[in-house]
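Text of upload_39.tsv, listed as TSV, C-alpha atoms:
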```
chain	number	residue	atom	x	y	z
A	1126	MET	CA	18.09	10.45	-0.49
A	1127	LYS	CA	15.51	13.13	-1.30
A	1128	ILE	CA	14.42	15.12	1.75
A	1129	HIS	CA	11.27	17.26	1.99
A	1130	SER	CA	11.52	18.49	5.60
A	1131	SER	CA	13.20	21.55	7.09
A	1132	VAL	CA	13.39	23.17	10.52
A	1133	SER	CA	15.82	25.90	9.53
A	1134	GLY	CA	14.90	28.99	11.52
A	1135	ILE	CA	11.94	27.39	13.31
A	1136	SER	CA	11.36	24.88	16.08
A	1137	VAL	CA	9.87	21.44	15.50
A	1138	ALA	CA	6.87	22.43	17.64
A	1139	ASP	CA	6.01	25.15	15.10
A	1140	LEU	CA	5.37	22.53	12.41
A	1141	SER	CA	1.91	21.09	11.80
A	1142	PHE	CA	1.20	17.51	12.84
A	1143	ALA	CA	1.56	16.34	9.23
A	1144	GLN	CA	4.87	18.16	8.85
A	1145	ARG	CA	6.22	16.74	12.11
A	1146	SER	CA	5.16	13.25	11.04
A	1147	LEU	CA	7.09	13.64	7.79
A	1148	LEU	CA	10.12	15.14	9.55
A	1149	PHE	CA	10.41	12.25	12.00
A	1150	ALA	CA	9.80	9.66	9.28
A	1151	GLU	CA	12.67	11.15	7.31
A	1152	LEU	CA	14.91	11.28	10.38
A	1153	ALA	CA	14.07	7.62	11.08
A	1154	ASN	CA	15.11	6.93	7.49
A	1155	ILE	CA	18.32	8.95	7.86
A	1156	ALA	CA	19.15	6.83	10.93
A	1157	TYR	CA	19.96	3.97	8.53
A	1158	GLN	CA	22.72	6.05	6.92
A	1159	ASP	CA	26.40	6.02	7.85
A	1160	PRO	CA	27.51	8.88	10.17
A	1161	THR	CA	29.04	11.01	7.40
A	1162	SER	CA	25.95	10.84	5.20
A	1163	ALA	CA	23.55	11.27	8.13
A	1164	THR	CA	25.38	14.37	9.35
A	1165	LYS	CA	25.31	15.95	5.90
A	1166	ILE	CA	21.60	15.30	5.36
A	1167	ALA	CA	20.67	16.43	8.89
A	1168	LYS	CA	22.39	19.78	8.27
A	1169	GLN	CA	20.26	20.25	5.16
A	1170	ILE	CA	17.18	19.83	7.32
A	1171	GLY	CA	18.42	22.27	9.96
A	1172	PHE	CA	20.05	20.09	12.62
A	1173	THR	CA	23.54	21.49	13.14
A	1174	ARG	CA	24.81	18.87	15.60
A	1175	THR	CA	24.81	15.12	15.06
A	1176	LYS	CA	26.06	12.33	17.27
A	1177	TYR	CA	26.14	8.64	16.38
A	1178	TYR	CA	25.70	5.93	19.01
A	1179	ASP	CA	26.83	2.39	18.22
A	1180	ARG	CA	27.41	-0.40	20.69
A	1181	ASP	CA	27.17	-4.14	20.08
A	1182	GLY	CA	25.06	-3.54	16.99
A	1183	ALA	CA	22.54	-1.22	18.69
A	1184	GLN	CA	22.51	2.17	16.96
A	1185	ALA	CA	20.88	5.58	17.24
A	1186	TYR	CA	21.46	9.20	16.28
A	1187	TRP	CA	21.28	12.47	18.19
A	1188	PHE	CA	20.15	15.36	15.95
A	1189	ALA	CA	20.15	18.79	17.59
A	1190	ASN	CA	19.94	22.52	17.01
A	1191	SER	CA	19.30	25.49	19.29
A	1192	THR	CA	15.65	24.59	19.94
A	1193	ASP	CA	15.30	20.81	19.59
A	1194	VAL	CA	16.95	17.46	20.23
A	1195	VAL	CA	15.74	14.41	18.32
A	1196	ILE	CA	16.88	10.90	19.21
A	1197	ALA	CA	16.29	8.67	16.19
A	1198	CYS	CA	16.81	4.95	16.74
A	1199	ARG	CA	17.93	2.72	13.88
A	1200	GLY	CA	15.72	-0.20	12.90
A	1201	THR	CA	16.42	-3.78	11.90
A	1202	GLN	CA	19.10	-4.35	9.29
A	1203	PRO	CA	18.95	-7.83	7.69
A	1204	THR	CA	22.75	-7.98	7.54
A	1205	GLU	CA	23.14	-7.28	11.27
A	1206	PHE	CA	22.96	-10.49	13.33
A	1207	ASN	CA	22.43	-8.51	16.54
A	1208	ASP	CA	19.33	-6.81	15.10
A	1209	LEU	CA	17.82	-10.10	13.98
A	1210	ALA	CA	18.59	-11.72	17.34
A	1211	ALA	CA	16.93	-8.81	19.16
A	1212	ASP	CA	13.75	-9.26	17.11
A	1213	LEU	CA	13.61	-12.96	17.99
A	1214	ARG	CA	14.11	-12.60	21.77
A	1215	VAL	CA	10.38	-12.20	22.42
A	1216	ALA	CA	10.25	-13.30	26.06
A	1217	PRO	CA	8.90	-10.50	28.29
A	1218	VAL	CA	11.27	-9.22	30.99
A	1219	LYS	CA	10.94	-6.63	33.75
A	1220	SER	CA	11.20	-3.10	32.43
A	1221	GLU	CA	13.49	-0.44	33.90
A	1222	SER	CA	10.41	1.76	34.33
A	1223	VAL	CA	7.27	-0.35	34.95
A	1224	SER	CA	5.77	-3.75	34.03
A	1225	ARG	CA	7.39	-5.90	31.31
A	1226	VAL	CA	8.82	-5.37	27.83
A	1227	HIS	CA	10.27	-7.43	24.98
A	1228	ARG	CA	13.63	-8.88	26.04
A	1229	GLY	CA	15.41	-8.23	22.74
A	1230	PHE	CA	14.23	-4.62	22.44
A	1231	LYS	CA	15.22	-3.92	26.04
A	1232	GLN	CA	18.71	-5.31	25.47
A	1233	GLU	CA	19.24	-3.00	22.49
A	1234	VAL	CA	18.27	-0.02	24.65
A	1235	ASP	CA	20.41	-1.23	27.57
A	1236	ASP	CA	23.44	-1.19	25.27
A	1237	LEU	CA	22.99	2.50	24.41
A	1238	TRP	CA	21.12	4.03	27.33
A	1239	PRO	CA	24.00	4.89	29.70
A	1240	VAL	CA	25.67	7.24	27.19
A	1241	ILE	CA	22.39	8.61	25.83
A	1242	ARG	CA	21.16	9.32	29.35
A	1243	GLU	CA	24.32	11.31	30.08
A	1244	ASP	CA	23.67	13.44	27.00
A	1245	VAL	CA	19.99	13.96	27.86
A	1246	LEU	CA	21.06	15.15	31.31
A	1247	GLN	CA	22.77	18.09	29.59
A	1248	ILE	CA	19.59	19.34	27.91
A	1249	LYS	CA	18.50	22.63	29.48
A	1250	LYS	CA	16.21	24.58	27.16
A	1251	GLN	CA	15.74	22.39	24.10
A	1252	THR	CA	12.67	20.24	23.44
A	1253	LEU	CA	13.27	16.49	23.36
A	1254	TRP	CA	11.68	14.17	20.77
A	1255	PHE	CA	12.04	10.46	20.00
A	1256	CYS	CA	11.43	8.62	16.74
A	1257	GLY	CA	12.24	5.36	15.01
A	1258	HIS	CA	11.21	2.71	12.49
A	1259	SER	CA	10.79	-1.04	13.09
A	1260	LEU	CA	13.21	-2.17	15.83
A	1261	GLY	CA	14.15	1.51	16.13
A	1262	ALA	CA	10.51	2.32	16.90
A	1263	ALA	CA	10.53	-0.17	19.77
A	1264	MET	CA	13.82	1.22	21.08
A	1265	ALA	CA	12.51	4.80	20.90
A	1266	THR	CA	9.40	3.78	22.83
A	1267	ILE	CA	11.43	2.22	25.66
A	1268	MET	CA	13.82	5.19	25.78
A	1269	ALA	CA	10.92	7.64	25.97
A	1270	SER	CA	9.47	5.62	28.85
A	1271	ARG	CA	12.77	5.70	30.72
A	1272	CYS	CA	12.93	9.47	30.35
A	1273	MET	CA	9.39	9.84	31.69
A	1274	HIS	CA	10.23	7.77	34.78
A	1275	ASP	CA	13.63	9.30	35.51
A	1276	GLY	CA	13.32	12.29	37.80
A	1277	GLN	CA	16.63	13.73	36.63
A	1278	LEU	CA	15.72	13.88	32.92
A	1279	ILE	CA	13.39	16.17	31.02
A	1280	ASP	CA	10.18	14.64	29.70
A	1281	PRO	CA	10.03	13.94	25.97
A	1282	HIS	CA	7.59	16.21	24.15
A	1283	GLU	CA	6.36	13.53	21.73
A	1284	LEU	CA	7.23	10.12	20.29
A	1285	TYR	CA	6.77	9.23	16.61
A	1286	THR	CA	7.07	5.63	15.44
A	1287	TYR	CA	6.72	3.92	12.05
A	1288	GLY	CA	6.06	0.23	11.55
A	1289	SER	CA	6.44	-0.42	15.26
A	1290	PRO	CA	6.08	-3.89	16.75
A	1291	ARG	CA	4.29	-4.30	20.07
A	1292	VAL	CA	6.79	-3.39	22.78
A	1293	GLY	CA	5.41	-4.17	26.22
A	1294	TRP	CA	2.66	-5.48	28.42
A	1295	LYS	CA	-0.48	-3.54	29.31
A	1296	GLY	CA	1.06	-2.06	32.46
A	1297	PHE	CA	4.02	-0.68	30.52
A	1298	ILE	CA	1.70	0.88	27.94
A	1299	GLN	CA	-0.60	2.42	30.55
A	1300	HIS	CA	2.28	4.16	32.30
A	1301	LEU	CA	4.20	5.35	29.23
A	1302	SER	CA	2.30	8.70	29.26
A	1303	VAL	CA	4.38	10.42	26.55
A	1304	PRO	CA	2.19	11.52	23.57
A	1305	HIS	CA	2.85	8.80	21.00
A	1306	HIS	CA	1.92	8.96	17.30
A	1307	ARG	CA	2.19	5.46	15.87
A	1308	TRP	CA	2.07	5.14	12.07
A	1309	VAL	CA	0.89	1.89	10.46
A	1310	ASN	CA	1.05	1.25	6.71
A	1311	ASN	CA	-1.74	-1.08	5.56
A	1312	ASN	CA	-0.44	-4.68	5.85
A	1313	ASP	CA	2.91	-3.94	7.52
A	1314	ILE	CA	3.55	-7.31	9.15
A	1315	VAL	CA	5.91	-5.98	11.83
A	1316	THR	CA	3.01	-4.09	13.46
A	1317	THR	CA	1.32	-7.44	14.19
A	1318	VAL	CA	4.11	-8.91	16.37
A	1319	PRO	CA	4.84	-10.04	19.05
A	1320	PRO	CA	1.42	-11.66	19.49
A	1321	CYS	CA	-1.19	-10.37	21.89
A	1322	PHE	CA	-1.72	-13.78	23.49
A	1323	ILE	CA	1.58	-13.50	25.37
A	1324	GLY	CA	0.59	-10.14	26.80
A	1325	TYR	CA	1.96	-7.57	24.35
A	1326	ARG	CA	-0.04	-4.44	23.49
A	1327	HIS	CA	0.36	-1.43	21.23
A	1328	ASP	CA	0.75	2.07	22.63
A	1329	GLY	CA	-0.18	5.47	21.31
A	1330	GLU	CA	-2.57	7.01	18.81
A	1331	GLU	CA	-2.60	4.99	15.61
A	1332	HIS	CA	-2.45	6.73	12.24
A	1333	TYR	CA	-3.37	4.29	9.49
A	1334	LEU	CA	-2.26	4.49	5.86
A	1335	ASN	CA	-4.60	2.56	3.59
A	1336	ALA	CA	-3.80	0.45	0.52
A	1337	TYR	CA	-3.47	3.63	-1.56
A	1338	GLY	CA	-1.21	5.40	0.95
A	1339	LYS	CA	-3.93	7.73	2.26
A	1340	VAL	CA	-4.51	8.55	5.92
A	1341	ARG	CA	-7.85	7.03	6.88
A	1342	LYS	CA	-9.83	6.06	9.98
A	1343	HIS	CA	-11.59	2.77	9.33
A	1344	THR	CA	-14.02	0.56	11.16
A	1345	ALA	CA	-12.83	-3.00	11.78
A	1346	TRP	CA	-14.69	-4.23	8.69
A	1347	GLN	CA	-13.35	-1.42	6.50
A	1348	ARG	CA	-9.83	-2.20	7.73
A	1349	THR	CA	-10.26	-5.87	6.82
A	1350	LYS	CA	-11.42	-5.01	3.31
A	1351	ASP	CA	-8.61	-2.50	2.87
A	1352	ARG	CA	-5.98	-5.06	3.90
A	1353	TRP	CA	-7.30	-7.55	1.37
A	1354	ARG	CA	-7.21	-4.78	-1.21
A	1355	GLY	CA	-3.58	-4.12	-0.33
A	1356	LEU	CA	-2.67	-7.79	-0.69
A	1357	ILE	CA	-4.29	-7.96	-4.13
A	1358	LEU	CA	-2.59	-4.76	-5.29
A	1359	GLY	CA	0.73	-6.12	-4.06
A	1360	LEU	CA	0.32	-9.40	-5.94
A	1361	LYS	CA	-0.44	-7.46	-9.13
A	1362	THR	CA	2.93	-5.72	-8.84
A	1363	GLY	CA	4.78	-8.90	-7.87
A	1364	SER	CA	5.37	-7.97	-4.22
A	1365	ILE	CA	4.32	-9.47	-0.90
A	1366	ASP	CA	2.38	-6.60	0.64
A	1367	SER	CA	2.98	-7.64	4.25
A	1368	PHE	CA	6.73	-7.10	3.82
A	1369	SER	CA	6.88	-4.29	1.25
A	1370	ASP	CA	4.54	-2.16	3.38
A	1371	HIS	CA	7.17	-2.13	6.13
A	1372	ALA	CA	9.70	-0.06	4.14
A	1373	ILE	CA	10.46	3.29	5.80
A	1374	GLY	CA	10.80	4.86	2.36
A	1375	LEU	CA	7.16	4.03	1.68
A	1376	TYR	CA	6.10	5.63	4.97
A	1377	CYS	CA	7.99	8.78	3.95
A	1378	GLU	CA	6.40	8.82	0.49
A	1379	TYR	CA	2.85	8.40	1.78
A	1380	ILE	CA	3.20	10.90	4.63
A	1381	LYS	CA	4.64	13.39	2.11
A	1382	GLY	CA	1.30	13.00	0.31
A	1383	PHE	CA	-0.47	13.74	3.59
A	1384	VAL	CA	1.52	16.98	3.90
A	1385	ASP	CA	0.70	17.91	0.30
A	1386	GLU	CA	-3.03	17.36	0.95
A	1387	GLU	CA	-2.79	19.62	3.98
A	1388	LYS	CA	-1.29	22.41	1.84
A	1389	VAL	CA	-4.12	22.10	-0.72
A	1390	CYS	CA	-6.74	22.37	2.02
A	1391	LYS	CA	-5.29	25.60	3.45
```
Mind turning the file's structure into structure tokens?
Amino acid sequence: MKIHSSVSGISVADLSFAQRSLLFAELANIAYQDPTSATKIAKQIGFTRTKYYDRDGAQAYWFANSTDVVIACRGTQPTEFNDLAADLRVAPVKSESVSRVHRGFKQEVDDLWPVIREDVLQIKKQTLWFCGHSLGAAMATIMASRCMHDGQLIDPHELYTYGSPRVGWKGFIQHLSVPHHRWVNNNDIVTTVPPCFIGYRHDGEEHYLNAYGKVRKHTAWQRTKDRWRGLILGLKTGSIDSFSDHAIGLYCEYIKGFVDEEKVCK
């Protein structure tokens, strides 16, 4: 896995928005690795301490150094029955913080939260961040909310998600309050579920990657045209754009381009 991020000698907060977005995309990607590989790669980036959480198929990593703690939640793995079952349990249930959230996503967090909460309680001076891709994005969103509503825990500084499904009802979203940067790649189908008609809403500030992998702000009509463009480009390469656009590796590649553009403009 080729990595382009580094926090060696600096804090995450010292990075630009583009650099932070790439860092957390790469950490979300590293979260799919086995503990040995993840620990090795995290050290290359500048995180000297790694902890792996795994219970009943729910998984996350703790990456830390002297200034920052990042909790990166692992997304859906097609070979993991528990992950697939979590995605399908769409019924809304009462959240631990406020309003209602997706039953399957909440269960994944419930499996890990007791031990993660104990570790977060130990944070004194470091800055806390959450990130994740796919199912991991949903888990990170719920965990960040629990931190915000737990008087004994520090507040997360920011939340970065990639290819996130809708997580909760309007009340949950309105009371999340942690700054949330939500990345969407063109036709990524996971960002369109669960459906709005059963109450689910998206949270955070959306950052949209168009059919060519560029960060753009579109009107509704421009977005529609761009999505059709993405579908056509996908068919030309023999891929189904709605599914291929969900790959975390593609998010990393495109956001790396965003960082490179930033460097040129300086």
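One distance worth recording is that between atom CA of Asp1244 of chain A and atom CA of Lys1219 of chain A, which is 24.7 Å.
Separating atom CA of Val1340 of chain A from atom CA of Val1132 of chain A is a distance of 23.6 Å.
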Env of Lys1168 of chain A: 10 Å cut, atoms = only C-alpha atoms, seq-sep filter 3 positions within chain, self excluded. Answer as number ranges by chain.
A: 1131-1133, 1163-1165, 1171-1175, 1188-1190
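One finds atom CA of Ala1216 of chain A at 8.0 Å from atom CA of Gly1229 of chain A.
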Out of A:Gly1288, A:Gly1338, A:Pro1304, A:Gly1276, which residue has the shortest atom-to-atom distance to Ser1222 of chain A when counting only C-alpha atoms?
A:Gly1276
Given all atoms listed in the file, how would the per-residue table for segment 1230-1291 of chain A near segment 1324-1336 of chain A read, listing every residue at most 10 Å away with its closest atom pair and distance in Å to one decimal, sorted by chain and number, as a tab-separated table?
```
residue	atom	partner	partner_atom	distance
A:Thr1266	CA	A:Asp1328	CA	8.8
A:Leu1284	CA	A:Gly1329	CA	8.8
A:Tyr1285	CA	A:Gly1329	CA	9.2
A:Thr1286	CA	A:Gly1329	CA	9.3
A:Tyr1287	CA	A:His1332	CA	9.6
A:Ser1289	CA	A:His1327	CA	8.6
A:Pro1290	CA	A:His1327	CA	7.7
A:Arg1291	CA	A:His1327	CA	5.0
```
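Minimum atom-to-atom distances from A:Ala1345, A:Val1223, A:Cys1256, A:Ala1185 to Gln1299 of chain A were compared using only C-alpha atoms, and the lowest value belongs to A:Val1223.
For Ile1279 of chain A, the residues within 10 Å (counting all atoms listed in the file, excluding itself and residues fewer than 6 positions away along the chain) are Val1245, Leu1246, Gln1247, Ile1248, Lys1249, Lys1250, Gln1251, Thr1252, Leu1253, Cys1272 and Met1273 of chain A.
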I need the residues from that last selection saved to file as a PDB file, in the frame of the given file (with C-alpha atoms), if you can.
```
ATOM      1  CA  VAL A1245      19.990  13.960  27.860  1.00  0.00           C
ATOM      2  CA  LEU A1246      21.060  15.150  31.310  1.00  0.00           C
ATOM      3  CA  GLN A1247      22.770  18.090  29.590  1.00  0.00           C
ATOM      4  CA  ILE A1248      19.590  19.340  27.910  1.00  0.00           C
ATOM      5  CA  LYS A1249      18.500  22.630  29.480  1.00  0.00           C
ATOM      6  CA  LYS A1250      16.210  24.580  27.160  1.00  0.00           C
ATOM      7  CA  GLN A1251      15.740  22.390  24.100  1.00  0.00           C
ATOM      8  CA  THR A1252      12.670  20.240  23.440  1.00  0.00           C
ATOM      9  CA  LEU A1253      13.270  16.490  23.360  1.00  0.00           C
ATOM     10  CA  CYS A1272      12.930   9.470  30.350  1.00  0.00           C
ATOM     11  CA  MET A1273       9.390   9.840  31.690  1.00  0.00           C
TER      12      MET A1273
END
```
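With all atoms listed in the file as the atoms that count, the residue of A:Thr1362, A:Ser1191, A:Ser1369, A:Gln1347 with the shortest distance to Asn1310 of chain A is A:Ser1369.
Taking only C-alpha atoms into account, Tyr1186 of chain A lies nearest to A:Phe1255 out of the set A:Val1215, A:Lys1127, A:Phe1255, A:Ala1150.
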Could you please give me, as a list in words, the residues of protein, DNA or RNA lying at most 10 Å from (6.7, 10.8, 5.9) in the coordinate frame of the file, considering only C-alpha atoms?
Ile1128, His1129, Ser1130, Ala1143, Gln1144, Arg1145, Ser1146, Leu1147, Leu1148, Phe1149, Ala1150, Glu1151, Leu1152, Ala1153, Asn1154, Tyr1287, Trp1308, Ile1373, Gly1374, Leu1375, Tyr1376, Cys1377, Glu1378, Tyr1379, Ile1380, Lys1381, Gly1382, Phe1383 and Val1384 of chain A
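Comparing the minimum interatomic distances between Asp1235 of chain A and each of A:Asp1313, A:Asp1181, A:Asp1275, A:Asp1385, counting all atoms listed in the file, we find that A:Asp1181 sits nearest.
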Which polymer residues have any atom within 7 Å of an atom of Arg1199 of chain A, counting only C-alpha atoms, with same-chain residues fewer than 4 positions away left out, as a PyMOL selection string?
chain A and resi 1153+1156-1157+1184-1185+1257-1258+1261
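Residue nearest Ile1170 of chain A within the list A:Ala1183, A:Val1292, A:Ala1197, A:Ile1135: A:Ile1135 [criterion: smallest interatomic distance, only C-alpha atoms].
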Neighbouring residues of Asn1311 of chain A were defined as those with any atom within 10 Å, considering all atoms listed in the file; residues of the same chain fewer than 4 positions away were excluded. Please report them as a PyMOL selection string.
chain A and resi 1288+1316+1333-1339+1348-1349+1351-1356+1366-1367+1370-1371
